[in-house]
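Note: the block below is entry02.cif and it holds mmCIF, C-alpha atoms; chains and numbers go by the auth columns.
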data_target
#
loop_
_atom_site.group_PDB
_atom_site.id
_atom_site.type_symbol
_atom_site.label_atom_id
_atom_site.label_comp_id
_atom_site.label_asym_id
_atom_site.label_seq_id
_atom_site.Cartn_x
_atom_site.Cartn_y
_atom_site.Cartn_z
_atom_site.B_iso_or_equiv
_atom_site.auth_seq_id
_atom_site.auth_asym_id
ATOM 1 C CA MET A 1 51.038 19.823 128.287 0.00 1 R
ATOM 2 C CA THR A 2 49.249 23.061 127.677 0.00 2 R
ATOM 3 C CA ASP A 3 52.077 25.444 126.731 0.00 3 R
ATOM 4 C CA PRO A 4 54.789 25.188 124.069 0.00 4 R
ATOM 5 C CA ASP A 5 57.566 22.668 124.739 0.00 5 R
ATOM 6 C CA ILE A 6 60.705 24.783 125.160 0.00 6 R
ATOM 7 C CA SER A 7 64.213 23.936 126.322 0.00 7 R
ATOM 8 C CA PRO A 8 65.014 23.655 130.039 0.00 8 R
ATOM 9 C CA MET A 9 67.338 26.685 129.987 0.00 9 R
ATOM 10 C CA LEU A 10 64.776 28.826 128.182 0.00 10 R
ATOM 11 C CA ARG A 11 62.146 27.740 130.722 0.00 11 R
ATOM 12 C CA ARG A 12 64.368 29.068 133.495 0.00 12 R
ATOM 13 C CA LEU A 13 65.144 32.296 131.612 0.00 13 R
ATOM 14 C CA VAL A 14 61.599 33.350 130.763 0.00 14 R
ATOM 15 C CA ASP A 15 58.498 33.843 132.802 0.00 15 R
ATOM 16 C CA ASP A 16 55.134 32.147 132.308 0.00 16 R
ATOM 17 C CA ASP A 17 53.937 35.114 130.255 0.00 17 R
ATOM 18 C CA TYR A 18 56.467 34.234 127.556 0.00 18 R
ATOM 19 C CA ARG A 19 55.056 30.738 127.104 0.00 19 R
ATOM 20 C CA SER A 20 51.434 31.897 127.139 0.00 20 R
ATOM 21 C CA GLU A 21 52.212 34.704 124.655 0.00 21 R
ATOM 22 C CA LEU A 22 54.080 32.251 122.427 0.00 22 R
ATOM 23 C CA LYS A 23 51.129 29.879 122.598 0.00 23 R
ATOM 24 C CA SER A 24 48.716 32.675 121.689 0.00 24 R
ATOM 25 C CA ARG A 25 50.898 33.789 118.767 0.00 25 R
ATOM 26 C CA LEU A 26 51.192 30.246 117.395 0.00 26 R
ATOM 27 C CA GLU A 27 47.425 29.780 117.662 0.00 27 R
ATOM 28 C CA ALA A 28 46.867 33.111 115.885 0.00 28 R
ATOM 29 C CA ILE A 29 49.181 32.073 113.036 0.00 29 R
ATOM 30 C CA ALA A 30 47.289 28.770 112.814 0.00 30 R
ATOM 31 C CA ASP A 31 43.976 30.619 112.622 0.00 31 R
ATOM 32 C CA GLU A 32 45.297 32.917 109.872 0.00 32 R
ATOM 33 C CA THR A 33 46.633 30.242 107.532 0.00 33 R
ATOM 34 C CA GLU A 34 44.574 28.460 104.917 0.00 34 R
ATOM 35 C CA ASP A 35 46.929 25.445 105.012 0.00 35 R
ATOM 36 C CA GLU A 36 45.115 22.962 107.276 0.00 36 R
ATOM 37 C CA ALA A 37 48.156 20.723 107.720 0.00 37 R
ATOM 38 C CA TYR A 38 50.373 23.646 108.741 0.00 38 R
ATOM 39 C CA ALA A 39 47.674 24.950 111.097 0.00 39 R
ATOM 40 C CA SER A 40 47.439 21.538 112.748 0.00 40 R
ATOM 41 C CA ARG A 41 51.225 21.431 113.271 0.00 41 R
ATOM 42 C CA LEU A 42 51.196 24.932 114.769 0.00 42 R
ATOM 43 C CA ARG A 43 48.432 23.941 117.180 0.00 43 R
ATOM 44 C CA LEU A 44 50.385 20.864 118.279 0.00 44 R
ATOM 45 C CA VAL A 45 53.392 23.072 119.029 0.00 45 R
ATOM 46 C CA ALA A 46 51.194 25.602 120.834 0.00 46 R
ATOM 47 C CA ARG A 47 49.761 22.848 123.067 0.00 47 R
ATOM 48 C CA GLY A 48 53.213 21.424 123.813 0.00 48 R
ATOM 49 C CA GLU A 49 52.447 18.146 122.062 0.00 49 R
ATOM 50 C CA ARG A 50 55.282 18.749 119.641 0.00 50 R
ATOM 51 C CA PRO A 51 58.634 20.457 120.307 0.00 51 R
ATOM 52 C CA LEU A 52 58.900 24.084 119.237 0.00 52 R
ATOM 53 C CA ARG A 53 62.122 23.280 117.380 0.00 53 R
ATOM 54 C CA THR A 54 60.218 21.220 114.789 0.00 54 R
ATOM 55 C CA LEU A 55 59.067 24.493 113.236 0.00 55 R
ATOM 56 C CA LEU A 56 62.623 25.165 112.052 0.00 56 R
ATOM 57 C CA ALA A 57 62.273 22.257 109.609 0.00 57 R
ATOM 58 C CA ASP A 58 58.688 23.065 108.627 0.00 58 R
ATOM 59 C CA PRO A 59 58.563 24.264 105.000 0.00 59 R
ATOM 60 C CA ALA A 60 55.412 26.330 105.597 0.00 60 R
ATOM 61 C CA TRP A 61 57.013 28.053 108.603 0.00 61 R
ATOM 62 C CA ASN A 62 60.160 28.778 106.611 0.00 62 R
ATOM 63 C CA LYS A 63 58.154 30.085 103.665 0.00 63 R
ATOM 64 C CA GLN A 64 56.164 32.361 105.946 0.00 64 R
ATOM 65 C CA PHE A 65 59.116 33.751 107.892 0.00 65 R
ATOM 66 C CA GLN A 66 62.024 33.551 105.427 0.00 66 R
ATOM 67 C CA PRO A 67 61.578 37.155 104.202 0.00 67 R
ATOM 68 C CA ALA A 68 61.819 38.415 107.792 0.00 68 R
ATOM 69 C CA VAL A 69 64.914 36.297 108.422 0.00 69 R
ATOM 70 C CA GLU A 70 66.549 37.558 105.228 0.00 70 R
ATOM 71 C CA ALA A 71 65.834 41.123 106.319 0.00 71 R
ATOM 72 C CA LEU A 72 67.856 40.410 109.464 0.00 72 R
ATOM 73 C CA ASP A 73 70.925 39.804 107.283 0.00 73 R
ATOM 74 C CA VAL A 74 71.305 43.575 106.996 0.00 74 R
ATOM 75 C CA ALA A 75 72.652 45.127 110.164 0.00 75 R
ATOM 76 C CA PRO A 76 70.302 47.846 111.392 0.00 76 R
ATOM 77 C CA GLU A 77 71.590 51.342 111.991 0.00 77 R
ATOM 78 C CA PHE A 78 71.459 52.462 115.617 0.00 78 R
ATOM 79 C CA SER A 79 71.979 55.865 117.146 0.00 79 R
ATOM 80 C CA GLN A 80 74.465 56.123 120.010 0.00 80 R
ATOM 81 C CA LYS A 81 71.590 56.199 122.515 0.00 81 R
ATOM 82 C CA GLU A 82 69.917 53.149 120.922 0.00 82 R
ATOM 83 C CA ARG A 83 73.275 51.324 120.952 0.00 83 R
ATOM 84 C CA GLU A 84 73.724 52.052 124.659 0.00 84 R
ATOM 85 C CA VAL A 85 70.233 50.771 125.462 0.00 85 R
ATOM 86 C CA LEU A 86 70.839 47.641 123.390 0.00 86 R
ATOM 87 C CA ASP A 87 74.219 47.035 125.035 0.00 87 R
ATOM 88 C CA ARG A 88 72.622 47.416 128.472 0.00 88 R
ATOM 89 C CA ARG A 89 69.867 44.939 127.599 0.00 89 R
ATOM 90 C CA VAL A 90 72.370 42.424 126.256 0.00 90 R
ATOM 91 C CA ALA A 91 74.398 42.732 129.465 0.00 91 R
ATOM 92 C CA GLN A 92 71.243 42.225 131.547 0.00 92 R
ATOM 93 C CA ALA A 93 70.301 39.142 129.539 0.00 93 R
ATOM 94 C CA ARG A 94 73.826 37.749 129.930 0.00 94 R
ATOM 95 C CA ASP A 95 73.738 38.344 133.679 0.00 95 R
ATOM 96 C CA ARG A 96 70.315 36.704 133.943 0.00 96 R
ATOM 97 C CA ALA A 97 71.552 33.696 131.965 0.00 97 R
ATOM 98 C CA LEU A 98 74.497 33.346 134.343 0.00 98 R
ATOM 99 C CA ASP A 99 72.060 33.382 137.266 0.00 99 R
ATOM 100 C CA VAL A 100 70.155 30.387 135.916 0.00 100 R
ATOM 101 C CA ILE A 101 73.094 28.251 134.830 0.00 101 R
ATOM 102 C CA SER A 102 72.484 24.843 136.254 0.00 102 R
ATOM 103 C CA ASN A 103 74.367 23.090 138.973 0.00 103 R
ATOM 104 C CA THR A 104 75.828 19.722 137.943 0.00 104 R
ATOM 105 C CA ALA A 105 72.717 17.726 138.801 0.00 105 R
ATOM 106 C CA GLU A 106 70.453 20.151 136.931 0.00 106 R
ATOM 107 C CA ALA A 107 72.825 20.165 133.963 0.00 107 R
ATOM 108 C CA GLN A 108 72.731 16.358 133.823 0.00 108 R
ATOM 109 C CA GLN A 109 68.929 16.367 133.921 0.00 109 R
ATOM 110 C CA ASP A 110 68.872 19.074 131.239 0.00 110 R
ATOM 111 C CA ALA A 111 71.139 16.952 129.057 0.00 111 R
ATOM 112 C CA VAL A 112 68.779 13.991 129.320 0.00 112 R
ATOM 113 C CA GLU A 113 65.785 16.199 128.527 0.00 113 R
ATOM 114 C CA ILE A 114 67.568 17.853 125.606 0.00 114 R
ATOM 115 C CA ALA A 115 68.588 14.473 124.153 0.00 115 R
ATOM 116 C CA ASP A 116 65.013 13.203 124.496 0.00 116 R
ATOM 117 C CA ARG A 117 63.641 16.347 122.864 0.00 117 R
ATOM 118 C CA ALA A 118 66.177 16.077 120.014 0.00 118 R
ATOM 119 C CA GLU A 119 65.041 12.512 119.336 0.00 119 R
ATOM 120 C CA ARG A 120 61.377 13.583 119.346 0.00 120 R
ATOM 121 C CA VAL A 121 62.231 16.430 116.951 0.00 121 R
ATOM 122 C CA ARG A 122 64.049 14.071 114.562 0.00 122 R
ATOM 123 C CA GLU A 123 61.215 11.529 114.647 0.00 123 R
ATOM 124 C CA THR A 124 58.530 14.176 114.163 0.00 124 R
ATOM 125 C CA ILE A 125 60.344 15.690 111.194 0.00 125 R
ATOM 126 C CA ARG A 126 60.929 12.245 109.688 0.00 126 R
ATOM 127 C CA GLN A 127 57.208 11.454 109.912 0.00 127 R
ATOM 128 C CA GLU A 128 56.266 14.779 108.325 0.00 128 R
ATOM 129 C CA GLU A 129 58.751 14.245 105.507 0.00 129 R
ATOM 130 C CA ILE A 130 57.210 10.837 104.809 0.00 130 R
ATOM 131 C CA SER A 131 53.756 12.428 104.498 0.00 131 R
ATOM 132 C CA GLY A 132 55.107 15.332 102.466 0.00 132 R
ATOM 133 C CA TRP A 133 54.036 17.733 105.226 0.00 133 R
ATOM 134 C CA THR A 134 50.386 17.260 104.155 0.00 134 R
ATOM 135 C CA TYR A 135 49.005 15.292 107.122 0.00 135 R
ATOM 136 C CA VAL A 136 46.329 17.191 109.046 0.00 136 R
ATOM 137 C CA HIS A 137 46.715 16.289 112.697 0.00 137 R
ATOM 138 C CA PRO A 138 43.535 15.917 114.734 0.00 138 R
ATOM 139 C CA ALA A 139 42.441 18.863 116.838 0.00 139 R
ATOM 140 C CA ALA A 140 42.503 18.395 120.611 0.00 140 R
ATOM 141 C CA ASP A 141 38.751 17.785 120.726 0.00 141 R
ATOM 142 C CA GLU A 142 38.921 15.385 117.760 0.00 142 R
ATOM 143 C CA SER A 143 41.798 13.288 119.093 0.00 143 R
ATOM 144 C CA GLU A 144 39.391 11.060 121.028 0.00 144 R
ATOM 145 C CA ALA A 145 37.307 10.257 117.961 0.00 145 R
ATOM 146 C CA ASP A 146 37.443 6.673 116.681 0.00 146 R
ATOM 147 C CA ASP A 147 39.059 7.592 113.376 0.00 147 R
ATOM 148 C CA GLY A 148 41.305 10.229 114.913 0.00 148 R
ATOM 149 C CA GLY A 149 39.768 12.895 112.697 0.00 149 R
ATOM 150 C CA ALA A 150 42.991 13.225 110.719 0.00 150 R
ATOM 151 C CA HIS A 151 43.421 13.158 107.005 0.00 151 R
ATOM 152 C CA GLU A 152 45.793 14.100 104.259 0.00 152 R
ATOM 153 C CA ARG A 153 45.073 16.949 101.931 0.00 153 R
#
This entry written out as structure tokens:
Amino acid sequence: MTDPDISPMLRRLVDDDYRSELKSRLEAIADETEDEAYASRLRLVARGERPLRTLLADPAWNKQFQPAVEALDVAPEFSQKEREVLDRRVAQARDRALDVISNTAEAQQDAVEIADRAERVRETIRQEEISGWTYVHPAADESEADDGGAHER
């Protein structure tokens, strides 16, 4: 894969720009951090070699973004015009989601893919917890090296 591994429904809802922008943002965060292990995990997610959802369990991700999440706990104040625009956008998103709801065959395939992804997420998180989230995963160009190029910090 070359883009982040996202859910089947999200793939149908967003365009290719979303995935490439997400990839670029994850790579930028990886470049900005001094934590080599965290950077390696971000790069794996950016390349689609690890499900995006694994970041929700990543302590470095949570540490970095927890203040922003806590800030969301306070409802923002909107003017009447801003509220109308927001309501219109929510309605458009809802309508778009209804347009991409799967037929039965697609829904069954999605369920299989979601179950597989959930298992990969659980296994990935379990492995990281065993290492204490300190394992530095090999970079794409290092992955073919004999020793794998990986180490713990």
Given the file shown, enumerate the residues that the PyMOL selection byres ((chain R and resi 3) around 10) captures and present them as number ranges by chain. R: 1-2, 4-6, 16, 18-24, 44-49
When you draw a straight line from CA of Ala139 (chain R) to CA of Leu10 (chain R), how long is it in Å?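 Between CA of Ala139 (chain R) and CA of Leu10 (chain R) the gap is 27.0 Å.
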Going by the chain IDs and residue numbers used in this file, which residues fall under the PyMOL selection byres ((chain R and resi 37) around 12)? Write them as a PDB file with C-alpha atoms, in the coordinates of the input.
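That gives us part-v3.pdb:
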ATOM      1  CA  ALA R  30      47.289  28.770 112.814  1.00  0.00           C
ATOM      2  CA  ASP R  31      43.976  30.619 112.622  1.00  0.00           C
ATOM      3  CA  THR R  33      46.633  30.242 107.532  1.00  0.00           C
ATOM      4  CA  GLU R  34      44.574  28.460 104.917  1.00  0.00           C
ATOM      5  CA  ASP R  35      46.929  25.445 105.012  1.00  0.00           C
ATOM      6  CA  GLU R  36      45.115  22.962 107.276  1.00  0.00           C
ATOM      7  CA  TYR R  38      50.373  23.646 108.741  1.00  0.00           C
ATOM      8  CA  ALA R  39      47.674  24.950 111.097  1.00  0.00           C
ATOM      9  CA  SER R  40      47.439  21.538 112.748  1.00  0.00           C
ATOM     10  CA  ARG R  41      51.225  21.431 113.271  1.00  0.00           C
ATOM     11  CA  LEU R  42      51.196  24.932 114.769  1.00  0.00           C
ATOM     12  CA  ARG R  43      48.432  23.941 117.180  1.00  0.00           C
ATOM     13  CA  LEU R  44      50.385  20.864 118.279  1.00  0.00           C
ATOM     14  CA  ASP R  58      58.688  23.065 108.627  1.00  0.00           C
ATOM     15  CA  PRO R  59      58.563  24.264 105.000  1.00  0.00           C
ATOM     16  CA  ALA R  60      55.412  26.330 105.597  1.00  0.00           C
ATOM     17  CA  TRP R  61      57.013  28.053 108.603  1.00  0.00           C
ATOM     18  CA  GLU R 128      56.266  14.779 108.325  1.00  0.00           C
ATOM     19  CA  SER R 131      53.756  12.428 104.498  1.00  0.00           C
ATOM     20  CA  GLY R 132      55.107  15.332 102.466  1.00  0.00           C
ATOM     21  CA  TRP R 133      54.036  17.733 105.226  1.00  0.00           C
ATOM     22  CA  THR R 134      50.386  17.260 104.155  1.00  0.00           C
ATOM     23  CA  TYR R 135      49.005  15.292 107.122  1.00  0.00           C
ATOM     24  CA  VAL R 136      46.329  17.191 109.046  1.00  0.00           C
ATOM     25  CA  HIS R 137      46.715  16.289 112.697  1.00  0.00           C
ATOM     26  CA  PRO R 138      43.535  15.917 114.734  1.00  0.00           C
ATOM     27  CA  ALA R 139      42.441  18.863 116.838  1.00  0.00           C
ATOM     28  CA  ALA R 150      42.991  13.225 110.719  1.00  0.00           C
ATOM     29  CA  HIS R 151      43.421  13.158 107.005  1.00  0.00           C
ATOM     30  CA  GLU R 152      45.793  14.100 104.259  1.00  0.00           C
ATOM     31  CA  ARG R 153      45.073  16.949 101.931  1.00  0.00           C
TER      32      ARG R 153
END
Record the distance separating CA of Thr54 (chain R) and CA of Val121 (chain R), expressed in Å with one decimal.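 Between these atoms lies a distance of 5.6 Å.
CA of Glu32 (chain R) lies 11.6 Å from CA of Gln64 (chain R).
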I need the residue nearest Met9 (chain R) from this list: R:Gln109, R:Thr124, R:Ala140, R:Val100. Use all atoms listed in the file for the distance. R:Val100
Residues within 12 Å of region 110-120 of chain R, only C-alpha atoms, excluding chain neighbours under 2 positions, as a PyMOL selection string: chain R and resi 5-12+48-54+101-108+122-127
Of the candidates R:Leu55, R:Lys63, R:Leu86, R:Glu77, which shows the shortest atom-to-atom distance to Leu26 (chain R), using all atoms listed in the file? R:Leu55
